[in-house]
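Engineer: Sharing a structure, written as structure tokens. Questions coming.
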Amino acid sequence: MTQRLNITNGDSAAGTLSEAGIEGKIIPWRDVLHEGPVDSSLSLEELSKERAAFIAEQGWDDFAHVSGDFVERDRVIRHLDYFGEVVLWFEDDLYDQLQLIQLLDFFGRGAARGKMLSVIVVDGYIPPLTGAQLKRLDETRPRVTQEQLELAKRAWKAFGSADPTSISKLLGEDTSALKYLASALTRHLEEFPSSINGLSRSEIEALTAIEAGRSTPVAAFLDAATKQDSVFLGDIVFYSYLERLSGKKDALVTWKDGTPVIAPTAERSREFVEGELKLTPLGREVLAGNKDWQSINKRTRWLGGVEISPGEGGWRWDPSAKKLRPVKKLRPAKKSKSRSPARRSPRKKK
């Protein structure tokens, strides 16, 4: 009997599909593509190596474990000999939509030639759905269209480009073939430094929650989640944001005793989530828009193919216009050197 391959976002969704009795092999994709460098011009295997290295550098997983996981998942989708159909199970948020366009771009290049390719996108989360609901979605799963493949190809290229205006241009086109893509990519652009204070939307929401009294990391995370149309951010990544906004110097947030916030390891996760946070005076100044975080921050961040370097220049998200704008770094005016009449050079005779 010809098998079916099901690909979904992570272990929780994979477990839910398995418990519901969905036919075929189920593999989770797992990669948190909205964080860290993504060069969409790389091959699947090359990009997987870079992504595994980034995830390990953040302390989110052991390099040997995550790289081995990526190698195995890549091997499966490279060799579909035993599968007659591939079904993509994803959700409507940024985390999932990026994984979806990566896979559609990959399969659109010929890896699934001769196979049936289907896609199911849930408005919300897969795990809360009952077995009966999942079975109904499975029975009515639509085939992937050529229009979806072409749109995903353009979207994946734009996301992994060093020029973020390629995303803006894509959003000006018809993206209805992938219903949730436009909202997901717009949310991605909101992670660029704000034109108001240099903070990303997630950073603003984190600091705002803490200022409002949601002083533990868990409370701040849950408060920020309520602000999302589609929740895409996991707690571990959120805690890394808190660490990025902290430090021994120029911290925007610290623990109550003034010590820097350091994202937790598995050994001290409980101590971390129960700790009490506070905004520093500088944090309040930046949040109010009186100071610019990018002019203070010393850390580089990658969003897809774009490196966000510290400083006044670069790309800024204008929340009122809902547009990405380039900002040139201001250069100090050169001071003119005054010369005394005695040192003035004589004019050459014509």
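Within each chain, counting starts at residue 1; across the structure tokens, chains are named A, B, ... in the order shown, with ligands numbered 1 upward in that order.
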As a PDB file with C-alpha atoms, in the first residue's frame, please: the residues near Ile26 of chain A (cut-off 7 Å, only C-alpha atoms, same-chain neighbours under 5 positions excluded).

Structural biologist:
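part10.pdb, written as the output of this step:
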```pdb
ATOM      1  CA  LEU A   5       3.484  11.745   4.241  1.00  0.00           C
ATOM      2  CA  ASN A   6       2.064  14.403   6.574  1.00  0.00           C
ATOM      3  CA  ILE A   7       4.180  17.440   7.504  1.00  0.00           C
ATOM      4  CA  ALA A  14       2.257  15.955  15.124  1.00  0.00           C
TER       5      ALA A  14
END
```

Engineer: From the DSSP assignment of the backbone, select every residue of segment 37-192 of chain A that is helix (DSSP H, G or I), and format the answer as JSON, numbers by chain.

Structural biologist: {"A": [44, 45, 46, 47, 48, 49, 50, 51, 52, 53, 54, 55, 56, 57, 63, 64, 65, 66, 67, 68, 69, 70, 71, 72, 73, 74, 75, 76, 77, 78, 94, 95, 96, 97, 98, 99, 100, 101, 102, 103, 104, 105, 106, 107, 108, 109, 110, 111, 131, 132, 133, 134, 135, 136, 137, 138, 139, 146, 147, 148, 149, 150, 151, 152, 153, 154, 155, 156, 157, 158, 159, 165, 166, 167, 168, 169, 170, 171, 181, 182, 183, 184, 185, 186, 187, 188, 189]}

Engineer: Contacts of Phe90 of chain A at 6 Å or less, counting only C-alpha atoms, minus same-chain residues fewer than 5 places along, as a PDB file with C-alpha atoms, in the first residue's frame?

Structural biologist:
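Result went into around_18.pdb, see below:
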```
ATOM      1  CA  THR A   8       3.177  19.823  10.282  1.00  0.00           C
ATOM      2  CA  ASP A  96       3.498  28.339  10.361  1.00  0.00           C
ATOM      3  CA  VAL A 121      -4.439  25.383   6.877  1.00  0.00           C
TER       4      VAL A 121
END
```

Engineer: What's around Asn290 of chain A at 9 Å? Count only C-alpha atoms, leave out sequence neighbours fewer than 3 positions away in its own chain, and write the answer as a VMD selection string.

Structural biologist: chain A and resid 196 to 197 284 to 287

Engineer: Store the residues of this selection in a file with C-alpha atoms, as a PDB file, in the first residue's frame.

Structural biologist:
```
ATOM      1  CA  ILE A 196       8.973  55.843  17.009  1.00  0.00           C
ATOM      2  CA  ASN A 197      11.493  54.308  19.404  1.00  0.00           C
ATOM      3  CA  ARG A 284      10.609  53.994  30.299  1.00  0.00           C
ATOM      4  CA  GLU A 285      12.309  56.699  28.236  1.00  0.00           C
ATOM      5  CA  VAL A 286      12.620  54.427  25.192  1.00  0.00           C
ATOM      6  CA  LEU A 287       9.101  53.049  25.524  1.00  0.00           C
TER       7      LEU A 287
END
```

Engineer: Rank A:Asp93, A:Leu222, A:Gly258, A:Leu149 by their smallest atom-to-atom distance to Leu181 of chain A, using only C-alpha atoms, and report the top residue only.

Structural biologist: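 The shortest atom-to-atom distance to Leu181 of chain A comes from A:Asp93.
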
Engineer: Quick one: residues within 12 Å of Leu134 of chain A, only C-alpha atoms, excluding same-chain residues fewer than 4 positions away - as an MDAnalysis selection string?

Structural biologist: chainID A and resid 13 16:23 89 120:122 125:130 138:141

Engineer: From the DSSP assignment of the backbone, select every residue of segment 63-107 of chain A that is strand (DSSP E or B), and format the answer as JSON, numbers by chain.

Structural biologist: {"A": [83, 84, 85, 86, 87, 88, 89, 90, 91]}

Engineer: Those same residues - N, CA and C atoms - I'd like them written as a compact mmCIF listing (two decimals), in the first residue's frame.

Structural biologist:
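File produced: again.txt:
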```
# COMPACT_ATOMS: atom_id res chain seq x y z
N PHE A 83 6.03 7.31 -0.91
CA PHE A 83 4.85 8.12 -0.64
C PHE A 83 4.13 8.50 -1.93
N GLY A 84 2.83 8.32 -1.92
CA GLY A 84 2.04 8.70 -3.07
C GLY A 84 1.44 10.09 -2.93
N GLU A 85 1.38 10.58 -1.67
CA GLU A 85 0.80 11.90 -1.42
C GLU A 85 1.53 12.57 -0.27
N VAL A 86 1.66 13.88 -0.36
CA VAL A 86 2.22 14.70 0.73
C VAL A 86 1.13 15.67 1.16
N VAL A 87 0.82 15.67 2.45
CA VAL A 87 -0.20 16.57 2.99
C VAL A 87 0.47 17.54 3.96
N LEU A 88 0.31 18.82 3.73
CA LEU A 88 0.87 19.85 4.58
C LEU A 88 -0.21 20.33 5.54
N TRP A 89 0.05 20.21 6.85
CA TRP A 89 -0.89 20.62 7.89
C TRP A 89 -0.30 21.82 8.62
N PHE A 90 -0.89 22.98 8.44
CA PHE A 90 -0.34 24.17 9.08
C PHE A 90 -1.43 25.09 9.63
N GLU A 91 -0.96 26.12 10.35
CA GLU A 91 -1.89 27.08 10.98
C GLU A 91 -1.73 28.45 10.34
```

Engineer: Name the closest residue to Ala184 of chain A among the candidates A:Ala263, A:Arg299, A:Gln99, A:Asp31; distances are taken between atoms, counting only C-alpha atoms.

Structural biologist: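 Using only C-alpha atoms, Ala184 of chain A sits closest to A:Gln99.
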
Engineer: Go through A:Ala64, A:Leu178, A:Leu170, A:Ile55 and flag the residue nearest Gly36 of chain A, using only C-alpha atoms for the distances.

Structural biologist: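 Checking each candidate against Gly36 of chain A, we get A:Ile55 as the closest.
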
Engineer: Restricting the calculation to only C-alpha atoms: of A:Leu303, A:Ala53, A:Val119, A:Leu44, which residue gets closest to Leu137 of chain A?

Structural biologist: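 For Leu137 of chain A, the nearest of the given residues is A:Val119.
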
Engineer: Need to verify the contact set: Phe107 of chain A, 10 Å, only C-alpha atoms, exclusion of same-chain residues closer than 4 positions in sequence. Can you return it as a count of residues only?

Structural biologist: 13
